[in-house]
>>> print(open('model19.cif').read())   # mmCIF, C-alpha atoms
data_input
#
loop_
_atom_site.label_atom_id
_atom_site.label_comp_id
_atom_site.auth_asym_id
_atom_site.auth_seq_id
_atom_site.Cartn_x
_atom_site.Cartn_y
_atom_site.Cartn_z
CA MET A 1 -179.70 66.06 -16.27
CA ASN A 2 -182.56 66.77 -18.69
CA TYR A 3 -185.04 64.58 -16.88
CA VAL A 4 -188.11 66.00 -18.63
CA GLU A 5 -186.59 65.53 -22.07
CA TRP A 6 -185.67 61.95 -21.30
CA LEU A 7 -189.30 61.39 -20.25
CA ARG A 8 -190.43 62.71 -23.63
CA VAL A 9 -187.99 60.36 -25.35
CA ARG A 10 -189.23 57.44 -23.27
CA ASN A 11 -192.86 58.19 -24.12
CA ALA A 12 -192.07 58.50 -27.83
CA LEU A 13 -190.19 55.19 -27.84
CA ARG A 14 -192.98 53.53 -25.91
CA VAL A 15 -195.54 54.54 -28.55
CA THR A 16 -193.14 53.42 -31.28
CA ALA A 17 -192.72 50.03 -29.62
CA ILE A 18 -196.50 49.63 -29.36
CA CYS A 19 -197.02 50.46 -33.05
CA LEU A 20 -194.24 48.10 -34.15
CA GLY A 21 -195.59 45.40 -31.85
CA VAL A 22 -199.05 45.71 -33.39
CA SER A 23 -197.46 45.42 -36.85
CA ILE A 24 -195.70 42.22 -35.79
CA VAL A 25 -198.97 40.75 -34.51
CA ILE A 26 -200.68 41.63 -37.81
CA CYS A 27 -197.88 39.89 -39.74
CA PHE A 28 -198.26 36.83 -37.53
CA ILE A 29 -202.01 36.71 -38.22
CA VAL A 30 -201.38 37.10 -41.96
CA ARG A 31 -198.82 34.29 -41.83
CA ILE A 32 -201.33 31.97 -40.16
CA ALA A 33 -203.96 32.88 -42.76
CA ILE A 34 -201.55 32.20 -45.63
CA ALA A 35 -200.50 28.88 -44.13
CA ALA A 36 -204.13 27.84 -43.71
CA GLN A 37 -204.98 28.83 -47.26
CA PHE A 38 -201.96 27.61 -49.19
CA GLY A 39 -200.09 25.34 -46.84
CA GLY A 40 -196.55 25.76 -45.64
CA ASP A 41 -194.61 25.02 -48.82
CA HIS A 42 -193.57 27.30 -51.66
CA SER A 43 -196.68 27.00 -53.77
CA SER A 44 -199.89 25.07 -54.08
CA ILE A 45 -198.63 23.18 -57.13
CA VAL A 46 -195.72 21.74 -55.15
CA ASN A 47 -198.12 20.48 -52.47
CA ARG A 48 -200.49 19.06 -55.06
CA LEU A 49 -197.81 17.23 -57.04
CA GLY A 50 -196.17 15.93 -53.90
CA GLY A 51 -199.44 14.32 -52.85
CA GLU A 52 -200.19 12.58 -56.16
CA LYS A 53 -199.13 8.94 -56.58
CA ASP A 54 -198.13 9.56 -60.21
CA THR A 55 -195.44 12.00 -59.14
CA VAL A 56 -191.83 10.77 -59.10
CA THR A 57 -189.62 12.54 -56.58
CA THR A 58 -185.84 12.41 -56.89
CA HIS A 59 -183.11 13.93 -54.75
CA SER A 60 -179.62 14.87 -55.83
CA VAL A 61 -176.70 17.00 -54.69
CA VAL A 62 -175.38 19.76 -56.94
CA ASP A 63 -172.27 21.67 -55.83
CA GLY A 64 -172.83 20.39 -52.32
CA TYR A 65 -176.45 21.58 -52.08
CA ASN A 66 -179.68 19.61 -52.28
CA ARG A 67 -181.86 19.53 -55.38
CA THR A 68 -185.34 17.99 -55.27
CA THR A 69 -187.17 17.19 -58.53
CA LEU A 70 -190.88 16.38 -58.74
CA THR A 71 -191.98 14.95 -62.11
CA ASN A 72 -195.53 14.12 -63.13
CA ALA A 73 -195.61 12.70 -66.65
CA ARG A 74 -199.40 12.57 -66.77
CA GLU A 75 -199.69 16.33 -66.25
CA HIS A 76 -196.42 17.10 -68.08
CA THR A 77 -195.29 19.10 -65.05
CA THR A 78 -191.86 19.25 -63.47
CA VAL A 79 -190.85 21.10 -60.32
CA VAL A 80 -187.20 21.57 -59.34
CA ILE A 81 -186.32 22.91 -55.89
CA GLU A 82 -182.69 23.95 -55.45
CA ASP A 83 -181.03 24.99 -52.20
CA GLN A 84 -178.61 27.89 -52.55
CA ALA A 85 -175.42 28.75 -50.71
CA ASP A 86 -176.97 31.81 -49.07
CA GLY A 87 -179.82 29.76 -47.57
CA SER A 88 -182.38 30.73 -50.22
CA LYS A 89 -184.25 28.39 -52.53
CA ILE A 90 -185.04 28.50 -56.24
CA VAL A 91 -188.20 26.75 -57.35
CA GLN A 92 -188.57 26.15 -61.10
CA ILE A 93 -191.96 24.99 -62.35
CA THR A 94 -192.39 23.76 -65.94
CA GLU A 95 -195.95 23.01 -67.01
CA PRO A 96 -198.21 23.24 -70.08
CA GLY A 97 -199.27 26.78 -70.95
CA HIS A 98 -201.12 28.56 -73.70
CA SER A 99 -199.81 28.27 -77.23
CA GLY A 100 -197.44 30.84 -78.63
CA SER A 101 -194.90 32.96 -76.86
CA GLY A 102 -195.63 35.59 -74.26
CA HIS A 103 -193.65 38.44 -72.80
CA PRO A 104 -191.65 37.45 -69.70
CA GLU A 105 -193.15 38.73 -66.48
CA HIS A 106 -191.23 39.45 -63.32
CA VAL A 107 -192.54 40.42 -59.91
CA GLY A 108 -190.20 41.09 -57.01
CA LEU A 109 -191.08 41.90 -53.43
CA GLY A 110 -188.33 42.00 -50.83
CA PRO A 111 -186.84 38.52 -50.41
CA MET A 112 -189.09 36.88 -53.01
CA SER A 113 -189.33 37.17 -56.77
CA VAL A 114 -191.46 35.37 -59.35
CA SER A 115 -190.57 35.22 -63.06
CA THR A 116 -192.84 33.67 -65.69
CA SER A 117 -192.23 33.05 -69.39
CA THR A 118 -194.14 31.11 -72.06
CA SER A 119 -192.69 29.57 -75.20
CA GLY A 120 -194.03 26.87 -77.50
CA GLY A 121 -196.94 26.03 -75.26
CA VAL A 122 -194.70 25.52 -72.22
CA GLU A 123 -194.85 27.87 -69.25
CA LYS A 124 -191.83 28.22 -67.01
CA THR A 125 -192.11 29.85 -63.61
CA THR A 126 -189.11 30.59 -61.43
CA ILE A 127 -189.66 31.45 -57.78
CA GLU A 128 -186.73 32.71 -55.74
CA THR A 129 -187.45 32.59 -52.01
CA ASN A 130 -185.59 33.80 -48.96
CA ARG A 131 -183.16 35.85 -51.00
CA PRO A 132 -180.79 38.18 -49.14
CA VAL A 133 -182.56 41.51 -48.68
CA PRO A 134 -180.43 44.62 -49.34
CA PHE A 135 -179.82 46.18 -45.95
CA ALA A 136 -180.51 49.56 -47.55
CA ILE A 137 -184.21 48.61 -47.56
CA TYR A 138 -184.15 48.16 -43.80
CA LEU A 139 -182.24 51.41 -43.41
CA GLY A 140 -184.84 53.22 -45.51
CA ILE A 141 -187.64 51.91 -43.27
CA ALA A 142 -185.65 52.85 -40.17
CA ALA A 143 -185.04 56.37 -41.55
CA VAL A 144 -188.79 56.89 -42.08
CA ILE A 145 -189.59 55.83 -38.51
CA ALA A 146 -186.74 57.98 -37.19
CA LEU A 147 -188.02 60.98 -39.18
CA ILE A 148 -191.41 60.60 -37.52
CA ILE A 149 -189.84 60.50 -34.06
CA ALA A 150 -187.60 63.44 -34.99
CA THR A 151 -190.75 65.39 -35.85
CA VAL A 152 -192.37 64.44 -32.54
CA LEU A 153 -189.29 65.49 -30.54
CA GLY A 154 -188.42 68.44 -32.79
CA ALA A 155 -189.15 71.37 -30.45
CA PRO A 156 -187.54 70.70 -27.04
CA PHE A 157 -186.61 74.34 -26.40
CA ALA A 158 -190.03 75.65 -27.40
CA ARG A 159 -191.62 73.21 -24.94
CA GLU A 160 -189.36 74.50 -22.17
CA ASN A 161 -190.16 78.05 -23.21
CA ASP A 162 -193.91 77.50 -23.07
CA GLY A 163 -195.08 78.28 -19.54
CA HIS A 164 -192.15 77.15 -17.40
CA LEU A 165 -189.04 78.83 -18.79
CA GLU A 166 -188.20 80.25 -15.35
CA PHE A 167 -187.93 76.72 -13.94
CA ALA A 168 -185.78 75.61 -16.86
CA PHE A 169 -183.27 78.37 -16.16
CA LEU A 170 -183.07 77.39 -12.47
CA LYS A 171 -181.30 74.14 -13.36
CA PRO A 172 -177.76 74.06 -11.89
CA VAL A 173 -176.11 73.89 -15.32
CA SER A 174 -175.23 76.43 -17.97
CA ARG A 175 -177.70 77.13 -20.74
CA THR A 176 -175.35 75.59 -23.27
CA ASN A 177 -174.97 72.35 -21.32
CA ASN A 178 -178.71 72.31 -20.75
CA ALA A 179 -179.31 72.67 -24.49
CA LEU A 180 -176.72 70.07 -25.47
CA GLY A 181 -178.18 67.64 -22.93
CA ALA A 182 -181.65 68.01 -24.41
CA ILE A 183 -180.36 67.59 -27.96
CA GLY A 184 -178.34 64.56 -26.92
CA ALA A 185 -181.36 62.91 -25.30
CA ASP A 186 -183.49 63.48 -28.39
CA CYS A 187 -180.79 62.19 -30.73
CA VAL A 188 -180.51 58.99 -28.69
CA GLY A 189 -184.27 58.56 -28.92
CA ILE A 190 -184.30 59.16 -32.68
CA LEU A 191 -181.53 56.65 -33.37
CA ALA A 192 -183.07 54.14 -30.96
CA SER A 193 -186.36 54.32 -32.87
CA GLY A 194 -184.50 53.46 -36.07
CA VAL A 195 -182.85 50.45 -34.43
CA MET A 196 -186.22 49.33 -33.07
CA ALA A 197 -187.68 49.55 -36.58
CA ILE A 198 -184.90 47.37 -38.04
CA VAL A 199 -185.36 44.75 -35.32
CA ALA A 200 -189.15 44.78 -35.71
CA PHE A 201 -189.07 44.37 -39.48
CA ALA A 202 -186.49 41.60 -39.17
CA ILE A 203 -188.93 39.82 -36.85
CA MET A 204 -191.73 40.38 -39.36
CA GLN A 205 -189.63 38.81 -42.09
CA ALA A 206 -188.67 35.94 -39.78
CA ILE A 207 -192.36 35.13 -39.37
CA PHE A 208 -192.39 34.23 -43.07
CA GLU A 209 -188.80 33.05 -43.57
CA ILE A 210 -185.30 33.27 -42.12
CA PRO A 211 -183.93 36.79 -42.72
CA HIS A 212 -180.79 37.17 -44.83
CA PHE A 213 -179.20 40.59 -45.19
CA ASP A 214 -177.10 41.84 -48.07
CA PHE A 215 -174.38 44.25 -46.92
CA SER A 216 -172.58 44.37 -50.26
CA GLY A 217 -172.32 47.30 -52.63
CA ILE A 218 -173.80 50.56 -51.42
CA ASN A 219 -175.73 48.99 -48.54
CA THR A 220 -173.17 50.04 -45.95
CA THR A 221 -172.78 53.46 -47.58
CA VAL A 222 -176.45 54.16 -46.87
CA ILE A 223 -175.87 53.85 -43.11
CA PRO A 224 -174.47 57.39 -42.54
CA VAL A 225 -177.26 58.86 -44.68
CA ALA A 226 -179.92 56.98 -42.70
CA ILE A 227 -178.40 58.32 -39.47
CA ALA A 228 -177.78 61.90 -40.58
CA LEU A 229 -181.15 62.46 -42.30
CA PRO A 230 -183.45 62.26 -39.25
CA LEU A 231 -180.91 64.06 -37.04
CA SER A 232 -180.59 66.97 -39.47
CA TRP A 233 -184.39 67.15 -39.80
CA TYR A 234 -184.68 67.27 -36.01
CA ALA A 235 -182.06 70.01 -35.83
CA LEU A 236 -183.94 72.06 -38.44
CA LEU A 237 -187.19 71.84 -36.48
CA ASN A 238 -185.39 72.69 -33.25
CA ALA A 239 -183.69 75.72 -34.79
CA SER A 240 -187.02 76.88 -36.25
CA THR A 241 -188.80 76.79 -32.89
CA ALA A 242 -186.08 77.49 -30.31
CA SER A 243 -187.15 81.12 -29.74
CA LEU A 244 -190.91 80.53 -29.76
CA LYS A 245 -193.10 80.62 -26.69
CA ARG A 246 -196.14 79.38 -28.56
CA GLY A 247 -196.92 78.18 -32.03
CA ALA A 248 -194.17 75.57 -32.25
CA GLY A 249 -196.74 72.92 -33.15
CA ALA A 250 -197.85 74.93 -36.17
CA VAL A 251 -194.25 75.30 -37.36
CA ILE A 252 -193.61 71.57 -37.02
CA GLY A 253 -196.92 70.74 -38.67
CA LEU A 254 -196.14 72.94 -41.67
CA ALA A 255 -192.55 71.76 -42.02
CA TRP A 256 -193.40 68.62 -43.97
CA PRO A 257 -195.77 70.35 -46.45
CA ALA A 258 -193.25 73.16 -46.89
CA ALA A 259 -190.44 70.71 -47.62
CA LEU A 260 -192.49 68.70 -50.12
CA VAL A 261 -194.00 71.74 -51.87
CA SER A 262 -190.66 73.56 -52.17
CA GLN A 263 -189.01 70.48 -53.68
CA THR A 264 -191.87 70.01 -56.12
CA LEU A 265 -191.85 73.62 -57.26
CA ALA A 266 -188.05 73.66 -57.46
CA HIS A 267 -188.24 70.89 -60.09
CA PHE A 268 -191.26 72.36 -61.86
CA ASN A 269 -190.45 73.53 -65.37
CA LEU A 270 -191.96 76.94 -66.16
CA GLY A 271 -190.00 77.53 -69.34
CA SER A 272 -187.14 79.88 -70.06
CA SER A 273 -188.98 83.13 -69.32
CA MET A 274 -187.63 85.54 -66.72
CA VAL A 275 -190.60 84.90 -64.45
CA GLY A 276 -190.21 81.15 -64.76
CA GLN A 277 -186.48 81.26 -64.07
CA THR A 278 -186.99 83.56 -61.09
CA PHE A 279 -189.73 81.34 -59.72
CA HIS A 280 -187.49 78.29 -60.11
CA ALA A 281 -184.50 80.01 -58.47
CA ILE A 282 -186.54 81.12 -55.45
CA PHE A 283 -187.97 77.71 -54.68
CA TRP A 284 -184.72 75.96 -55.54
CA GLY A 285 -183.04 78.10 -52.88
CA ILE A 286 -185.80 77.43 -50.35
CA SER A 287 -185.63 73.70 -50.97
CA ARG A 288 -181.92 73.70 -50.01
CA ILE A 289 -182.97 74.46 -46.44
CA PHE A 290 -184.67 71.11 -45.98
CA PRO A 291 -182.57 67.96 -45.44
CA LEU A 292 -185.06 65.86 -47.40
CA THR A 293 -183.93 67.62 -50.57
CA TYR A 294 -180.50 66.02 -50.46
CA VAL A 295 -181.68 62.40 -50.42
CA GLN A 296 -183.44 62.61 -53.76
CA PHE A 297 -181.47 61.13 -56.64
CA GLU A 298 -182.12 61.16 -60.33
CA GLY A 299 -183.76 58.19 -62.01
CA ASN A 300 -180.48 57.23 -63.73
CA ASP A 301 -178.59 56.98 -60.44
CA HIS A 302 -178.47 53.19 -60.56
CA ASP A 303 -174.75 52.91 -61.28
CA LEU A 304 -173.13 51.77 -58.02
CA ASN A 305 -169.84 53.40 -59.03
CA THR A 306 -171.46 56.86 -59.06
CA LEU A 307 -174.19 56.38 -56.45
CA GLY A 308 -171.75 55.39 -53.70
CA PRO A 309 -169.80 58.69 -53.80
CA LYS A 310 -173.09 60.62 -54.04
CA LEU A 311 -174.30 58.96 -50.87
CA MET A 312 -171.10 59.92 -49.06
CA VAL A 313 -171.48 63.53 -50.21
CA THR A 314 -175.12 63.47 -49.10
CA ALA A 315 -174.13 62.17 -45.67
CA ALA A 316 -171.53 64.95 -45.35
CA ILE A 317 -174.08 67.63 -46.31
CA LEU A 318 -176.66 66.28 -43.87
CA THR A 319 -174.07 66.14 -41.09
CA GLY A 320 -173.15 69.75 -41.83
CA LEU A 321 -176.81 70.78 -41.68
CA PHE A 322 -177.19 69.01 -38.35
CA LEU A 323 -174.24 70.91 -36.89
CA VAL A 324 -175.35 74.28 -38.32
CA TYR A 325 -178.99 73.96 -37.26
CA GLY A 326 -177.97 72.55 -33.90
CA ALA A 327 -175.67 75.52 -33.29
CA LEU A 328 -178.43 77.96 -34.30
CA ALA A 329 -180.82 76.31 -31.85
CA VAL A 330 -178.30 76.52 -28.99
CA VAL A 331 -177.51 80.17 -29.75
CA GLN A 332 -181.20 81.05 -29.71
CA TRP A 333 -181.69 79.18 -26.45
CA ARG A 334 -178.84 81.14 -24.85
CA ARG A 335 -180.47 84.43 -25.89
CA VAL A 336 -183.96 83.57 -24.63
CA GLU A 337 -184.98 85.65 -21.62
CA ALA A 338 -187.40 84.49 -18.94
#
>>> encode(input="model19.cif", output="C-alpha cells")
Amino acid sequence: MNYVEWLRVRNALRVTAICLGVSIVICFIVRIAIAAQFGGDHSSIVNRLGGEKDTVTTHSVVDGYNRTTLTNAREHTTVVIEDQADGSKIVQITEPGHSGSGHPEHVGLGPMSVSTSTSGGVEKTTIETNRPVPFAIYLGIAAVIALIIATVLGAPFARENDGHLEFAFLKPVSRTNNALGAIGADCVGILASGVMAIVAFAIMQAIFEIPHFDFSGINTTVIPVAIALPLSWYALLNASTASLKRGAGAVIGLAWPAALVSQTLAHFNLGSSMVGQTFHAIFWGISRIFPLTYVQFEGNDHDLNTLGPKLMVTAAILTGLFLVYGALAVVQWRRVEA
C-alpha cells in the first residue's frame, strides 16, 4: 500500500477543504451584509412598494403557478412576480423612465439575470432569479480546483526518488504495482477535490438561493472532459519528473507558463514568411504536448450540434494522453536505479 502517497493526498484534500470552507464563510458574511442593506426580497423597490399604503397587491394563478402583482398608481409603478415551474421567479418592474428609447441592457451572472429597456418614457426591468445553472459551470470550477491539486500531486515518483529511493524499493511489491498504486491514490485525490469543489459551490449558491442544476444539452458531455483534463495534466507532470532526483519542483513550476506561452505563440500570426511559418509550426507542435491545449474552442463554437461531438473528441484525446503519459511515467520508474 502506498501509505506515504495517501498521506500526501490527505494533506492536499485537507488544505482544499479549508480553502473551500473559508470561501463558504465569506459567502455567508456577504449574504448577511446584502440582507442587512437591501432586505431579503428581490429588490428594494419591491420592499418599498409593498410597504406603501397606496400599493394594491393582487394574487392570481397562471398555469398552476402563483403570480403576485403590486400596483402603485401614484408612482405609476407596477411589479409582477411570477413563480416558474423550475422553482425560479421572474420579477417584472414597470416604472417611469427618461424620455426616448434606449438600447436594451442585459446582465447575467450565474442563476440571476437583469434586463432593462426604455421606450416612450417607460422603463421595464426584468429580473430572473434562481434560474437553473448549467452544470457545465460547476464542472468548469471543479476542473480548475482539480488542476491545482493535480499540480500539487504531480511528482510522486520524483518525491520517492529524492533521498529515500532505497526505502521505496524495499516495499514488498513490484515496481509496476508500486507505481500504479501511487498513481491511483493521486487520481482519487484529484477527482475528490473536484467533487468537493462542486459541493462547496452548491452550498455557496444555497446561501443565496436554492440551487437548480441544468443537465440538458452539452452539460453532461462536459463531464468526461472535466475528469480527463486534470488527470492528463497530472500524468504529464508525473512523466516529466519520474526520473528526476532533484529539480522536480522547478519542472512543475514551469509547466503552467510553458503551456500558456506555447499556446499563445502557436496562435500568434507572424505572416506567411518562411520564418513565421516555421516559428508557428514549432510552437504549434509543442503546444500539442499540453492537455490544456485541447480544451480551447473557437469563438464560434456555440452551436450545440457541433460542440457536443467536439467535447467527446476532446475527452478521448485527453484520456489517450493520460494513458500515454502514465505509461511513460511507469516505464521510467521501473528503470530508475537506487
>>> resolve_selection(input="model19.cif", expression="the PyMOL selection byres ((chain A and resi 320-336) around 8)", output="VMD selection string")
chain A and resid 157 175 to 176 179 to 180 228 231 to 233 235 to 236 238 to 240 242 to 243 291 316 to 319 337 to 338
>>> resolve_selection(input="model19.cif", expression="the PyMOL selection byres ((chain A and resi 116) around 6)", output="PyMOL selection string")
chain A and resi 104-105+115+117+124-125
>>> resolve_selection(input="model19.cif", expression="the PyMOL selection byres ((chain A and resi 80) around 7)", output="list in words")
Arg67, Thr68, Thr69, Leu70, Thr78, Val79, Ile81, Glu82, Val91, Gln92 and Ile93 of chain A
>>> atom_distance(input="model19.cif", atom1="atom CA of Ile90 of chain A", atom2="atom CA of His76 of chain A")
20.0 Å
>>> atom_distance(input="model19.cif", atom1="atom CA of Thr16 of chain A", atom2="atom CA of Glu209 of chain A")
24.2 Å
>>> closest_residue(input="model19.cif", among="A:Leu13, A:Val199, A:Leu260, A:Ala255", to="Ala146 of chain A", atoms="only C-alpha atoms")
A:Leu13
>>> atom_distance(input="model19.cif", atom1="atom CA of Ala155 of chain A", atom2="atom CA of Gly253 of chain A")
11.3 Å
>>> closest_residue(input="model19.cif", among="A:Ile218, A:Val30, A:Ile137, A:Val9", to="Ala150 of chain A", atoms="only C-alpha atoms")
A:Val9
>>> residues_around(input="model19.cif", residues="Asn269 of chain A", least_positions_apart="5", cutoff="12 Å", atoms="all atoms listed in the file", output="mmCIF file with C-alpha atoms, in the frame of the given file")
data_model
loop_
_atom_site.group_PDB
_atom_site.id
_atom_site.type_symbol
_atom_site.label_atom_id
_atom_site.label_comp_id
_atom_site.auth_asym_id
_atom_site.auth_seq_id
_atom_site.Cartn_x
_atom_site.Cartn_y
_atom_site.Cartn_z
ATOM 1 C CA THR A 264 -191.870 70.010 -56.120
ATOM 2 C CA VAL A 275 -190.600 84.900 -64.450
ATOM 3 C CA GLY A 276 -190.210 81.150 -64.760
ATOM 4 C CA GLN A 277 -186.480 81.260 -64.070
ATOM 5 C CA THR A 278 -186.990 83.560 -61.090
ATOM 6 C CA PHE A 279 -189.730 81.340 -59.720
ATOM 7 C CA HIS A 280 -187.490 78.290 -60.110
ATOM 8 C CA ALA A 281 -184.500 80.010 -58.470
ATOM 9 C CA PHE A 283 -187.970 77.710 -54.680
ATOM 10 C CA TRP A 284 -184.720 75.960 -55.540
#
>>> closest_residue(input="model19.cif", among="A:Gly140, A:Glu5, A:Ile183, A:Val56", to="Pro224 of chain A", atoms="only C-alpha atoms")
A:Gly140
>>> closest_residue(input="model19.cif", among="A:Gly308, A:Pro257, A:Gly154, A:Pro132", to="Thr220 of chain A", atoms="all atoms listed in the file")
A:Gly308
>>> residues_near_point(input="model19.cif", point="(-175.6, 58.0, -47.3)", cutoff="10 Å", atoms="all atoms listed in the file", output="list in words")
Ala136, Ile218, Asn219, Thr220, Thr221, Val222, Ile223, Pro224, Val225, Ala226, Ile227, Ala228, Leu229, Tyr294, Val295, Leu307, Gly308, Pro309, Lys310, Leu311, Met312, Val313, Thr314, Ala315, Ala316, Ile317 and Leu318 of chain A
>>> decode(input="model19.cif", residues="segment 204-222 of chain A", atoms="N, CA, C and O atoms", output="mmCIF file, in the first residue's frame")
data_model
loop_
_atom_site.group_PDB
_atom_site.id
_atom_site.type_symbol
_atom_site.label_atom_id
_atom_site.label_comp_id
_atom_site.auth_asym_id
_atom_site.auth_seq_id
_atom_site.Cartn_x
_atom_site.Cartn_y
_atom_site.Cartn_z
ATOM 1 N N MET A 204 -22.473 27.419 -1.455
ATOM 2 C CA MET A 204 -22.384 28.878 -1.598
ATOM 3 C C MET A 204 -23.615 29.433 -2.309
ATOM 4 O O MET A 204 -24.149 30.480 -1.924
ATOM 5 N N GLN A 205 -24.075 28.741 -3.336
ATOM 6 C CA GLN A 205 -25.270 29.207 -4.029
ATOM 7 C C GLN A 205 -26.492 29.082 -3.134
ATOM 8 O O GLN A 205 -27.378 29.949 -3.145
ATOM 9 N N ALA A 206 -26.538 27.997 -2.325
ATOM 10 C CA ALA A 206 -27.679 27.784 -1.444
ATOM 11 C C ALA A 206 -27.789 28.872 -0.384
ATOM 12 O O ALA A 206 -28.880 29.128 0.138
ATOM 13 N N ILE A 207 -26.666 29.511 -0.049
ATOM 14 C CA ILE A 207 -26.698 30.607 0.913
ATOM 15 C C ILE A 207 -27.547 31.757 0.372
ATOM 16 O O ILE A 207 -28.225 32.467 1.118
ATOM 17 N N PHE A 208 -27.534 31.917 -0.952
ATOM 18 C CA PHE A 208 -28.293 33.000 -1.579
ATOM 19 C C PHE A 208 -29.652 32.531 -2.077
ATOM 20 O O PHE A 208 -30.624 33.287 -2.024
ATOM 21 N N GLU A 209 -29.730 31.303 -2.587
ATOM 22 C CA GLU A 209 -30.994 30.786 -3.110
ATOM 23 C C GLU A 209 -30.859 29.290 -3.321
ATOM 24 O O GLU A 209 -29.751 28.735 -3.315
ATOM 25 N N ILE A 210 -31.988 28.620 -3.505
ATOM 26 C CA ILE A 210 -31.991 27.166 -3.679
ATOM 27 C C ILE A 210 -31.340 26.817 -5.016
ATOM 28 O O ILE A 210 -31.750 27.328 -6.057
ATOM 29 N N PRO A 211 -30.312 25.951 -5.012
ATOM 30 C CA PRO A 211 -29.635 25.624 -6.273
ATOM 31 C C PRO A 211 -30.528 24.796 -7.191
ATOM 32 O O PRO A 211 -31.256 23.904 -6.751
ATOM 33 N N HIS A 212 -30.473 25.112 -8.475
ATOM 34 C CA HIS A 212 -31.126 24.326 -9.512
ATOM 35 C C HIS A 212 -30.092 24.090 -10.606
ATOM 36 O O HIS A 212 -29.464 25.041 -11.072
ATOM 37 N N PHE A 213 -29.935 22.843 -10.992
ATOM 38 C CA PHE A 213 -28.911 22.493 -11.984
ATOM 39 C C PHE A 213 -29.565 22.146 -13.315
ATOM 40 O O PHE A 213 -30.620 21.513 -13.362
ATOM 41 N N ASP A 214 -28.902 22.548 -14.373
ATOM 42 C CA ASP A 214 -29.360 22.254 -15.725
ATOM 43 C C ASP A 214 -28.434 21.202 -16.327
ATOM 44 O O ASP A 214 -27.257 21.463 -16.555
ATOM 45 N N PHE A 215 -28.968 19.996 -16.533
ATOM 46 C CA PHE A 215 -28.177 18.901 -17.098
ATOM 47 C C PHE A 215 -28.482 18.685 -18.581
ATOM 48 O O PHE A 215 -28.051 17.683 -19.152
ATOM 49 N N SER A 216 -29.205 19.600 -19.182
ATOM 50 C CA SER A 216 -29.591 19.421 -20.579
ATOM 51 C C SER A 216 -28.450 19.797 -21.510
ATOM 52 O O SER A 216 -27.423 20.348 -21.097
ATOM 53 N N GLY A 217 -28.652 19.511 -22.793
ATOM 54 C CA GLY A 217 -27.668 19.915 -23.798
ATOM 55 C C GLY A 217 -26.314 19.266 -23.590
ATOM 56 O O GLY A 217 -26.193 18.059 -23.370
ATOM 57 N N ILE A 218 -25.280 20.096 -23.641
ATOM 58 C CA ILE A 218 -23.907 19.590 -23.555
ATOM 59 C C ILE A 218 -23.421 19.476 -22.120
ATOM 60 O O ILE A 218 -22.246 19.100 -21.899
ATOM 61 N N ASN A 219 -24.267 19.761 -21.145
ATOM 62 C CA ASN A 219 -23.805 19.777 -19.758
ATOM 63 C C ASN A 219 -23.264 18.427 -19.310
ATOM 64 O O ASN A 219 -22.268 18.360 -18.595
ATOM 65 N N THR A 220 -23.931 17.351 -19.715
ATOM 66 C CA THR A 220 -23.424 16.025 -19.351
ATOM 67 C C THR A 220 -22.212 15.635 -20.195
ATOM 68 O O THR A 220 -21.374 14.855 -19.754
ATOM 69 N N THR A 221 -22.109 16.192 -21.401
ATOM 70 C CA THR A 221 -20.961 15.878 -22.259
ATOM 71 C C THR A 221 -19.677 16.476 -21.707
ATOM 72 O O THR A 221 -18.585 15.968 -21.999
ATOM 73 N N VAL A 222 -19.797 17.515 -20.896
ATOM 74 C CA VAL A 222 -18.607 18.148 -20.317
ATOM 75 C C VAL A 222 -18.000 17.281 -19.217
ATOM 76 O O VAL A 222 -16.812 17.409 -18.904
#
